[in-house]
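Visitor: Provided herewith: start.cif, mmCIF, C-alpha atoms.
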data_query
loop_
_atom_site.label_atom_id
_atom_site.label_comp_id
_atom_site.auth_asym_id
_atom_site.auth_seq_id
_atom_site.Cartn_x
_atom_site.Cartn_y
_atom_site.Cartn_z
CA MET A 1 31.00 13.89 5.61
CA GLU A 2 30.08 17.30 6.98
CA ASP A 3 27.57 17.87 4.16
CA LEU A 4 25.94 14.56 5.07
CA ARG A 5 25.76 15.56 8.74
CA THR A 6 24.36 18.98 7.86
CA GLY A 7 21.75 17.41 5.57
CA TRP A 8 20.67 15.02 8.33
CA ASP A 9 20.35 17.86 10.84
CA LEU A 10 18.35 19.98 8.38
CA HIS A 11 16.04 17.03 7.64
CA VAL A 12 15.32 16.37 11.32
CA GLY A 13 15.01 20.08 12.07
CA PHE A 14 12.48 20.53 9.28
CA GLY A 15 10.42 17.61 10.59
CA LEU A 16 10.37 18.99 14.12
CA ALA A 17 9.52 22.51 12.94
CA ASN A 18 6.77 21.24 10.60
CA PRO A 19 5.45 17.98 12.10
CA ALA A 20 2.07 17.90 10.29
CA LEU A 21 3.66 18.59 6.91
CA TYR A 22 6.46 16.10 7.58
CA LEU A 23 3.98 13.35 8.48
CA LEU A 24 2.06 14.06 5.29
CA MET A 25 5.23 14.03 3.21
CA CYS A 26 6.44 10.74 4.68
CA GLU A 27 3.19 8.86 4.24
CA PRO A 28 3.87 6.00 1.81
CA ARG A 29 2.00 6.31 -1.47
CA PRO A 30 1.93 4.11 -4.54
CA GLY A 31 3.24 5.53 -7.77
CA ALA A 32 5.99 7.93 -8.63
CA ALA A 33 7.72 9.89 -5.89
CA PRO A 34 6.85 13.58 -5.64
CA PRO A 35 9.36 15.99 -7.25
CA ALA A 36 10.52 17.27 -3.85
CA ALA A 37 11.34 13.72 -2.73
CA VAL A 38 13.23 13.07 -5.96
CA ALA A 39 15.22 16.30 -5.50
CA GLY A 40 16.05 15.37 -1.91
CA ALA A 41 17.19 11.91 -2.97
CA GLN A 42 19.44 13.46 -5.61
CA VAL A 43 21.08 15.73 -3.03
CA LEU A 44 21.65 12.73 -0.76
CA ALA A 45 23.05 10.71 -3.68
CA THR A 46 25.51 13.52 -4.43
CA HIS A 47 26.78 13.52 -0.83
CA ILE A 48 27.12 9.74 -0.87
CA ARG A 49 28.89 9.79 -4.26
CA ARG A 50 31.49 12.22 -2.90
CA ILE A 51 32.12 9.92 0.08
CA ALA A 52 32.51 6.97 -2.30
CA GLU A 53 34.89 8.91 -4.54
CA ALA A 54 37.02 9.66 -1.47
CA GLY A 55 37.30 5.91 -0.86
CA ARG A 56 35.40 6.06 2.42
CA LEU A 57 32.17 4.22 1.58
CA ARG A 58 32.03 0.64 2.90
CA VAL A 59 28.68 -0.32 1.30
CA SER A 60 27.07 0.36 -2.06
CA GLU A 61 25.80 3.86 -2.72
CA GLU A 62 22.25 2.54 -2.97
CA ARG A 63 22.46 0.74 0.37
CA ALA A 64 23.96 3.83 2.01
CA ALA A 65 21.11 5.99 0.70
CA HIS A 66 18.46 3.54 1.87
CA LEU A 67 19.98 3.27 5.33
CA ILE A 68 20.31 7.04 5.72
CA GLN A 69 16.73 7.58 4.55
CA ALA A 70 15.31 4.88 6.81
CA ALA A 71 17.22 6.01 9.88
CA GLY A 72 16.62 9.70 9.24
CA ARG A 73 12.89 9.29 8.79
CA GLY A 74 12.64 6.93 11.74
CA THR A 75 14.55 9.30 13.99
CA THR A 76 12.45 12.27 12.91
CA LEU A 77 9.17 10.40 13.36
CA THR A 78 10.26 9.18 16.80
CA LEU A 79 11.14 12.69 17.89
CA ILE A 80 7.87 14.09 16.53
CA ALA A 81 5.96 11.49 18.55
CA MET A 82 7.65 12.59 21.80
CA PRO A 83 6.26 15.50 23.81
CA ALA A 84 8.50 18.47 23.03
CA ASP A 85 9.54 18.89 26.64
CA ARG A 86 10.62 15.23 26.89
CA ARG A 87 12.60 14.92 23.64
CA ASP A 88 16.09 13.52 23.98
CA PRO A 89 18.33 16.13 22.30
CA GLU A 90 21.06 13.53 21.75
CA LEU A 91 18.88 10.99 19.92
CA SER A 92 19.35 12.49 16.46
CA PRO A 93 23.13 13.01 16.68
CA LEU A 94 23.56 9.48 18.06
CA ALA A 95 21.47 7.97 15.26
CA ARG A 96 23.26 10.07 12.64
CA GLU A 97 26.71 9.01 13.82
CA ALA A 98 25.66 5.35 14.06
CA VAL A 99 24.57 5.43 10.43
CA ILE A 100 27.72 7.22 9.31
CA THR A 101 29.81 4.64 11.16
CA ALA A 102 27.89 1.82 9.49
CA ILE A 103 28.38 3.10 5.94
CA THR A 104 31.86 4.64 6.02
CA THR A 105 35.42 3.74 6.85
CA ASP A 106 37.36 5.74 9.43
CA THR A 107 39.97 7.01 7.02
CA PRO A 108 40.27 7.41 3.30
CA ALA A 109 42.78 4.58 3.33
CA PRO A 110 42.12 1.82 0.84
CA ALA A 111 39.24 -0.43 1.79
CA PRO A 112 39.96 -4.08 2.53
CA PRO A 113 40.91 -5.89 -0.65
CA GLY A 114 38.16 -7.73 -2.39
CA PRO A 115 35.62 -7.43 -5.15
CA VAL A 116 33.01 -5.45 -3.17
CA SER A 117 35.43 -2.68 -2.17
CA ALA A 118 36.82 -2.47 -5.69
CA ALA A 119 33.33 -2.40 -7.18
CA VAL A 120 32.17 0.39 -4.81
CA ALA A 121 35.18 2.51 -5.77
CA LEU A 122 34.83 1.85 -9.51
CA ARG A 123 31.06 2.49 -9.38
CA ALA A 124 31.70 5.90 -7.81
CA VAL A 125 33.96 7.09 -10.63
CA LEU A 126 32.21 5.36 -13.54
CA PRO A 127 30.43 8.55 -14.67
CA GLN A 128 33.84 10.17 -15.24
CA THR A 129 34.91 7.43 -17.62
CA THR A 130 35.16 8.56 -21.23
CA ALA A 131 36.63 5.41 -22.80
CA LEU A 132 33.32 3.53 -22.76
CA THR A 133 30.11 4.03 -24.71
CA ASP A 134 26.91 4.76 -22.80
CA GLN A 135 25.81 1.16 -23.37
CA GLU A 136 29.10 -0.20 -22.05
CA LYS A 137 28.86 2.06 -18.99
CA GLY A 138 25.31 0.81 -18.41
CA LEU A 139 26.40 -2.81 -18.57
CA LEU A 140 29.39 -2.22 -16.28
CA GLN A 141 27.17 -0.32 -13.85
CA GLU A 142 24.76 -3.28 -13.76
CA TRP A 143 27.60 -5.68 -12.99
CA LEU A 144 29.02 -3.41 -10.29
CA ASP A 145 25.57 -3.04 -8.75
CA ARG A 146 25.29 -6.82 -8.56
CA ILE A 147 28.68 -7.13 -6.90
CA THR A 148 27.92 -4.43 -4.31
CA GLY A 149 24.29 -5.37 -3.73
CA PRO A 150 22.89 -7.80 -1.20
CA ALA A 151 23.95 -11.44 -1.51
CA ARG A 152 21.41 -13.55 -3.35
#
Output the file's structure as structure tokens, nothing else.
Guide:
Amino acid sequence: MEDLRTGWDLHVGFGLANPALYLLMCEPRPGAAPPAAVAGAQVLATHIRRIAEAGRLRVSEERAAHLIQAAGRGTTLTLIAMPADRRDPELSPLAREAVITAITTDTPAPAPPGPVSAAVALRAVLPQTTALTDQEKGLLQEWLDRITGPAR
């Protein structure tokens, strides 16, 4: 959890220290994501995976990543748009904690019983499984992603 908080704070801090570069980096573009964006997403995914492995993630890893990215970018862009002398210093910590509350449970106690909670936990440890072939892991991952994804 602390690594996630630190990453959020570093992200917002970078944006405020480098607003022109941040705006350029966050501009949506078609095509493949730049290598720096891919690397950042991998770091975020690692933090989220560790939270899931601890049994504290209440949503899918993908949904958690999307929510963190959306809220983090939105918070940073909002703060950049404010005159520096009028920025609310509590906006970023409040947004960060709201997102963390939305995606995690309070304690590492077992999540409420049900297929989504079980699928989130199994999805988090699937890479450690050695009893399945790569193809079997891929198929199981697809099924778990469907269970933890948005209702259709």
Visitor: Let me know the residues the PyMOL selection byres ((chain A and resi 62) around 9) catches in the file above, as a PyMOL selection string.
Guide: chain A and resi 45+48+59-61+63-67+145+149
Visitor: Out of A:Leu57, A:Met82, A:Ala32, A:Leu23, which residue has the shortest atom-to-atom distance to A:Thr105 when counting all atoms listed in the file?
Guide: A:Leu57
Visitor: Once you add 4 Å to each side, what are the centre and edge lengths of the axis-aligned box holding all listed atoms of stretch 32-36 of chain A? One decimal in Å, as lines of an AutoDock Vina configuration file, if you can.
Guide:
center_x = 8.3
center_y = 12.6
center_z = -6.2
size_x = 12.5
size_y = 17.3
size_z = 12.8
Visitor: Just how far from atom CA of A:Ala98 is atom CA of A:Ala52, in Å to one decimal?
Guide: 17.8 Å
Visitor: Near A:Ala71, within 8 Å and counting all atoms listed in the file, which residues show up once chain neighbours fewer than 2 positions away are dropped, as a VMD selection string?
Guide: chain A and resid 67 to 69 73 to 75 95 to 96 99
Visitor: For each of A:Leu79, A:Ala131, A:Ala33, A:Leu91, take the minimum atom-to-atom distance to A:Phe14, counting all atoms listed in the file, then give the residue where this is smallest.
Guide: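 Ranked by minimum distance to A:Phe14, first place goes to A:Leu79.
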Visitor: Have a look at atom CA of A:Ser92 and atom CA of A:Asp3 and let me know their distance in Å, one decimal.
Guide: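 Atom-to-atom, atom CA of A:Ser92 and atom CA of A:Asp3 are spaced 15.7 Å apart.
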Visitor: With all atoms listed in the file as the basis for distance, which of A:Ile103, A:Pro28, A:Ser117, A:Leu77 is at the shortest distance from A:Gly13?
Guide: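 Distance minimum relative to A:Gly13 lands on A:Leu77.
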Visitor: From the options A:Ile80, A:Leu4, A:Ala54, A:Leu132, which residue's atoms come nearest to A:Glu97, counting only C-alpha atoms?
Guide: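 For A:Glu97, the nearest of the candidates is A:Leu4.
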Visitor: Which residue, A:Met1, A:Ala119, A:Leu16, A:Ala39, has the smallest gap to A:Arg87 when you use all atoms listed in the file?
Guide: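 The shortest atom-to-atom distance to A:Arg87 comes from A:Leu16.
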Visitor: Atom CA of A:Gln141 and atom CA of A:Gln128 are how many Å apart?
Guide: 12.5 Å
Visitor: Could you check which of A:Leu144, A:Gly7, A:Pro89, A:Pro127 is closest to A:Arg49, using only C-alpha atoms?
Guide: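 Ranking A:Leu144, A:Gly7, A:Pro89, A:Pro127 by distance to A:Arg49, first place goes to A:Pro127.
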Visitor: Give as a list in words every residue, naming chains and numbers as the document does, that has an atom within 12 Å of (28.3, -4.7, -11.5), counting all atoms listed in the file.
Guide: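 Residues satisfying the cut-off, written out: Ser60, Pro115, Val116, Ser117, Ala118, Ala119, Val120, Ala121, Leu122, Arg123, Ala124, Leu126, Glu136, Lys137, Gly138, Leu139, Leu140, Gln141, Glu142, Trp143, Leu144, Asp145, Arg146, Ile147, Thr148 and Gly149 of chain A.
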Visitor: Need the shell around A:Met25: protein/DNA/RNA residues with any atom at most 10 Å away, counting only C-alpha atoms. Skip same-chain ones fewer than 6 positions apart. Format as a PDB file with C-alpha atoms, keeping the file's coordinate frame?
Guide:
ATOM      1  CA  GLY A  15      10.420  17.610  10.590  1.00  0.00           C
ATOM      2  CA  PRO A  19       5.450  17.980  12.100  1.00  0.00           C
ATOM      3  CA  PRO A  34       6.850  13.580  -5.640  1.00  0.00           C
ATOM      4  CA  ALA A  36      10.520  17.270  -3.850  1.00  0.00           C
ATOM      5  CA  ALA A  37      11.340  13.720  -2.730  1.00  0.00           C
TER       6      ALA A  37
END
